[in-house]
Each structure stands twice: as structure tokens, then as C-alpha cells.
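Novice: Below are the C-alpha cells for one structure; questions will follow.
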Amino acid sequence: MKKSVAVLKEFVEKNRLKPMVDVVWFAVLLFGFHFLWKYWEDSWDFRLFTDQSIFIPVFDFLTKLVFNVSDYFVSFFLGSHYKIIGHTWHFENGGYVEIVNGCSGLKASFQYIVIILFFSGPFKHKLWYIPMGLILLFIGNIIRITGLTLVVFYYSSYYLFTHNYIFRPFFYGIIFILWVIWVEYFRDGKIKNIRKKRKSQ
């Protein structure tokens with residue numbers, strides 16, 4: 001087994017396939033976690049050794065937080081041209097945007113954590129890089145939701161298109177960029193080598 005792994009590593013290095021292997025591993029982690037999450041959500045209803053979802057309090061907290069922060073920006077852009085019922089903005093044109101648990105960004109946050117944890121790199125950097133990334137994902141989620149409310153208010157017919165093909169890729173694009181930065185600058189002590197080169201110049 002060890003011999004096979006060594007041969008595989010040698011083949012990858014010889015043919016300079018490391019970047020391709022990294023991308024494939026990133027995709028496996030991203031989509032693998034997605035399908036496992038959906039199975040856990042749909043088939044097990046997030047139950048873990050109990051009959052009650054362990055994520056309900058977390059979802060509720062994040063959903064409320066995301067809505068309240070987003071509402072600050074929605075009110076800045078739209079003034080008083082809407083009313084709030086629960087976690088839903090109702091607009092004068094009849095459109096509305098509801099913030100549900102799936103909008104909390106919790107799944108994407110877990111995906112990001114899993115990806116960084118499963119890629120090599122100094123653990124001391126992961127201790128600050130993961131929380132920093134979670135903050136950026138939260139900001140990205142606020143931008144996404146605020147953008148969707150503006151679309152519904154001004155161009156409601158484009159809601160589904162922007163939701164599925166602009167803001168969703170934008171959200172996962174943040175995860176991809178954070179991963180690229182980690183691989184390029186922090187994995188395998190690369191950040192140390194960069195600092196040494198700068199000092200020697």
C-alpha cells in the first residue's frame with residue numbers, strides 16, 4: 001500500500017499534476033459535503049442520537065442575525081418602501097424576500113471549515129484563517145441577501161436567475177478564493193519561504 005502511494009506521488013510530481021489533484025480534492029470535499037449534508041437534512045432531519053434537530057437553535061440564531069444585519073442595508077437602500085413580517089421583507093411592488101434557515105450560511109461555513117481542515121498547512125495558521133474566512137463568508141452572505149432584495153424591488157422577474165446563477169456562485173466563489181489563498185500561501189510552509197526571500201532581497 002505504501003509503495004503504491006509512493007509511486008502515485010512520484011507520478012503526480014513528475015508530471016506536475018499537483019494543481020489538478022488539488023482542484024479535484026477541493027471539488028470532492030465541496031460536493032461530497034454538500035450531498036452528505038442534504039442526505040442528513042432530508043433523510044435524518046439533522047437528528048443525531050435524539051429526536052430533535054441539533055441544529056435548530058444554531059439555525060435560528062444565524063437566521064435572525066443575518067436578517068437583522070441585512071435589514072440595516074436594505075433600509076439604507078430602500079428607505080421605507082417595504083414592511084417586515086417575521087423574517088420577510090414585503091415590497092410595494094408585491095414582491096417579497098424571506099430569510100429561512102437555508103439562508104443562514106451555516107452549510108457553506110461548514111464546507112469551508114472542512115476544506116481548510118482537510119488540506120495540509122500549519123495548524124497555527126488555521127486557528128486564525130478559519131475564523132477570518134467565516135467572517136468573510138458572513139459578509140458575503142449579507143451582500144448576497146441585500147443584492148437579492150434590490151433585485152426583487154427593482155427587477156423582480158430576474159430573481160430566480162440572480163439567485164441561482166449570480167449570487168449562489170458568488171457565495172461559493174468566496175470559498176474557492178479562500179482555498180486558493182490557503183494553498184498558494186500557507187500550505188507546506190510557503191508563507192515562511194516568501195518571508196525568507198523578502199528578507200534576503
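Chains: A, B, ... in order of the C-alpha cells. Residues: from 1 per chain. Ligands: from 1, in order shown.
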Could you pull the residues within 8 Å of segment 56-59 of chain A, counting only C-alpha atoms, minus those fewer than 2 positions along the same chain, as an mmCIF file with all heavy atoms, in the first residue's frame?
Specialist:
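Heads up, here's the output in out-v2.cif:
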data_model
loop_
_atom_site.group_PDB
_atom_site.id
_atom_site.type_symbol
_atom_site.label_atom_id
_atom_site.label_comp_id
_atom_site.auth_asym_id
_atom_site.auth_seq_id
_atom_site.Cartn_x
_atom_site.Cartn_y
_atom_site.Cartn_z
ATOM 1 N N SER A 53 -33.784 18.064 16.183
ATOM 2 C CA SER A 53 -32.664 18.554 15.400
ATOM 3 C C SER A 53 -31.677 19.298 16.294
ATOM 4 O O SER A 53 -32.049 20.200 17.041
ATOM 5 C CB SER A 53 -33.153 19.495 14.302
ATOM 6 O OG SER A 53 -32.064 20.117 13.674
ATOM 7 N N ILE A 54 -30.404 18.932 16.187
ATOM 8 C CA ILE A 54 -29.377 19.589 16.994
ATOM 9 C C ILE A 54 -29.016 20.948 16.428
ATOM 10 O O ILE A 54 -28.347 21.741 17.081
ATOM 11 C CB ILE A 54 -28.110 18.716 17.096
ATOM 12 C CG1 ILE A 54 -27.494 18.517 15.698
ATOM 13 C CG2 ILE A 54 -28.411 17.405 17.767
ATOM 14 C CD1 ILE A 54 -26.169 17.802 15.728
ATOM 15 N N PHE A 61 -30.552 31.245 15.416
ATOM 16 C CA PHE A 61 -29.682 32.363 15.783
ATOM 17 C C PHE A 61 -29.077 33.015 14.540
ATOM 18 O O PHE A 61 -29.109 34.251 14.392
ATOM 19 C CB PHE A 61 -28.572 31.885 16.725
ATOM 20 C CG PHE A 61 -27.507 32.917 16.970
ATOM 21 C CD1 PHE A 61 -27.740 33.968 17.845
ATOM 22 C CD2 PHE A 61 -26.291 32.843 16.310
ATOM 23 C CE1 PHE A 61 -26.763 34.938 18.065
ATOM 24 C CE2 PHE A 61 -25.313 33.807 16.521
ATOM 25 C CZ PHE A 61 -25.552 34.855 17.406
ATOM 26 N N LEU A 62 -28.501 32.197 13.645
ATOM 27 C CA LEU A 62 -27.861 32.740 12.447
ATOM 28 C C LEU A 62 -28.866 33.393 11.510
ATOM 29 O O LEU A 62 -28.583 34.438 10.912
ATOM 30 C CB LEU A 62 -27.103 31.636 11.710
ATOM 31 C CG LEU A 62 -25.770 31.203 12.324
ATOM 32 C CD1 LEU A 62 -25.167 30.052 11.536
ATOM 33 C CD2 LEU A 62 -24.800 32.375 12.384
ATOM 34 N N THR A 63 -30.042 32.789 11.379
ATOM 35 C CA THR A 63 -31.078 33.354 10.512
ATOM 36 C C THR A 63 -31.493 34.733 11.002
ATOM 37 O O THR A 63 -31.618 35.679 10.220
ATOM 38 C CB THR A 63 -32.307 32.425 10.460
ATOM 39 O OG1 THR A 63 -31.914 31.145 9.956
ATOM 40 C CG2 THR A 63 -33.385 33.001 9.547
ATOM 41 N N ASN A 101 -33.920 29.258 7.207
ATOM 42 C CA ASN A 101 -32.703 28.664 7.762
ATOM 43 C C ASN A 101 -31.639 28.385 6.707
ATOM 44 O O ASN A 101 -30.441 28.483 6.978
ATOM 45 C CB ASN A 101 -33.044 27.375 8.505
ATOM 46 C CG ASN A 101 -33.741 27.637 9.830
ATOM 47 O OD1 ASN A 101 -33.735 28.760 10.320
ATOM 48 N ND2 ASN A 101 -34.349 26.619 10.401
ATOM 49 N N SER A 104 -28.985 31.043 6.112
ATOM 50 C CA SER A 104 -28.113 31.414 7.225
ATOM 51 C C SER A 104 -26.634 31.319 6.880
ATOM 52 O O SER A 104 -25.798 31.949 7.530
ATOM 53 C CB SER A 104 -28.396 30.519 8.438
ATOM 54 O OG SER A 104 -28.054 29.172 8.153
ATOM 55 N N LEU A 106 -24.946 28.540 7.147
ATOM 56 C CA LEU A 106 -24.325 27.547 8.030
ATOM 57 C C LEU A 106 -23.667 26.431 7.242
ATOM 58 O O LEU A 106 -22.532 26.038 7.543
ATOM 59 C CB LEU A 106 -25.379 26.973 8.989
ATOM 60 C CG LEU A 106 -24.853 25.982 10.026
ATOM 61 C CD1 LEU A 106 -23.856 26.653 10.959
ATOM 62 C CD2 LEU A 106 -26.009 25.390 10.837
#
Novice: If you run DSSP on the backbone, which residues of segment 11-99 of chain A are alpha helix (DSSP H), as a PyMOL selection string?
Specialist: chain A and resi 11-14+18-43+56-78
Novice: Which neighbours of segment 32-47 of chain A fall inside 9 Å, counting only C-alpha atoms, when residues of the same chain fewer than 3 positions from it are skipped, and could you give them as a ChimeraX atom specification?
Specialist: /A:27-29,50-56,107-108,110-111,114
Novice: Could you check the closest approach to Val66 of chain A for each of A:Leu117, A:Ile174, A:Val100, A:Leu160 and tell me which residue wins, using only C-alpha atoms?
Specialist: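 Closest to Val66 of chain A, using only C-alpha atoms: A:Val100.
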Novice: Have a look at atom CA of Lys126 of chain A and atom CA of Ile142 of chain A and let me know their distance in Å, one decimal.
Specialist: 24.0 Å
Novice: Report the distance between atom CA of Ile181 of chain A and atom CA of Phe73 of chain A in Å, rounded to one decimal place.
Specialist: 28.9 Å
Novice: Using only C-alpha atoms, which of the listed residues (A:Trp182, A:Phe26, A:Tyr165, A:Phe31) sits closest to Gly121 of chain A?
Specialist: A:Trp182
Novice: Atom CA of Val151 of chain A to atom CA of His81 of chain A: how many Å, to one decimal?
Specialist: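 Between atom CA of Val151 of chain A and atom CA of His81 of chain A the gap works out to 13.9 Å.
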Novice: Where does DSSP see strand (DSSP E or B) in segment 15-187 of chain A, if you list the residues as number ranges by chain?
Specialist: A: 82-85, 88-91, 96-98
Novice: Go through A:Phe186, A:Ile84, A:Lys18, A:Glu92 one by one, measure the shortest atom-to-atom distance of each to Trp128 of chain A using only C-alpha atoms, and give the residue with the smallest value.
Specialist: A:Phe186
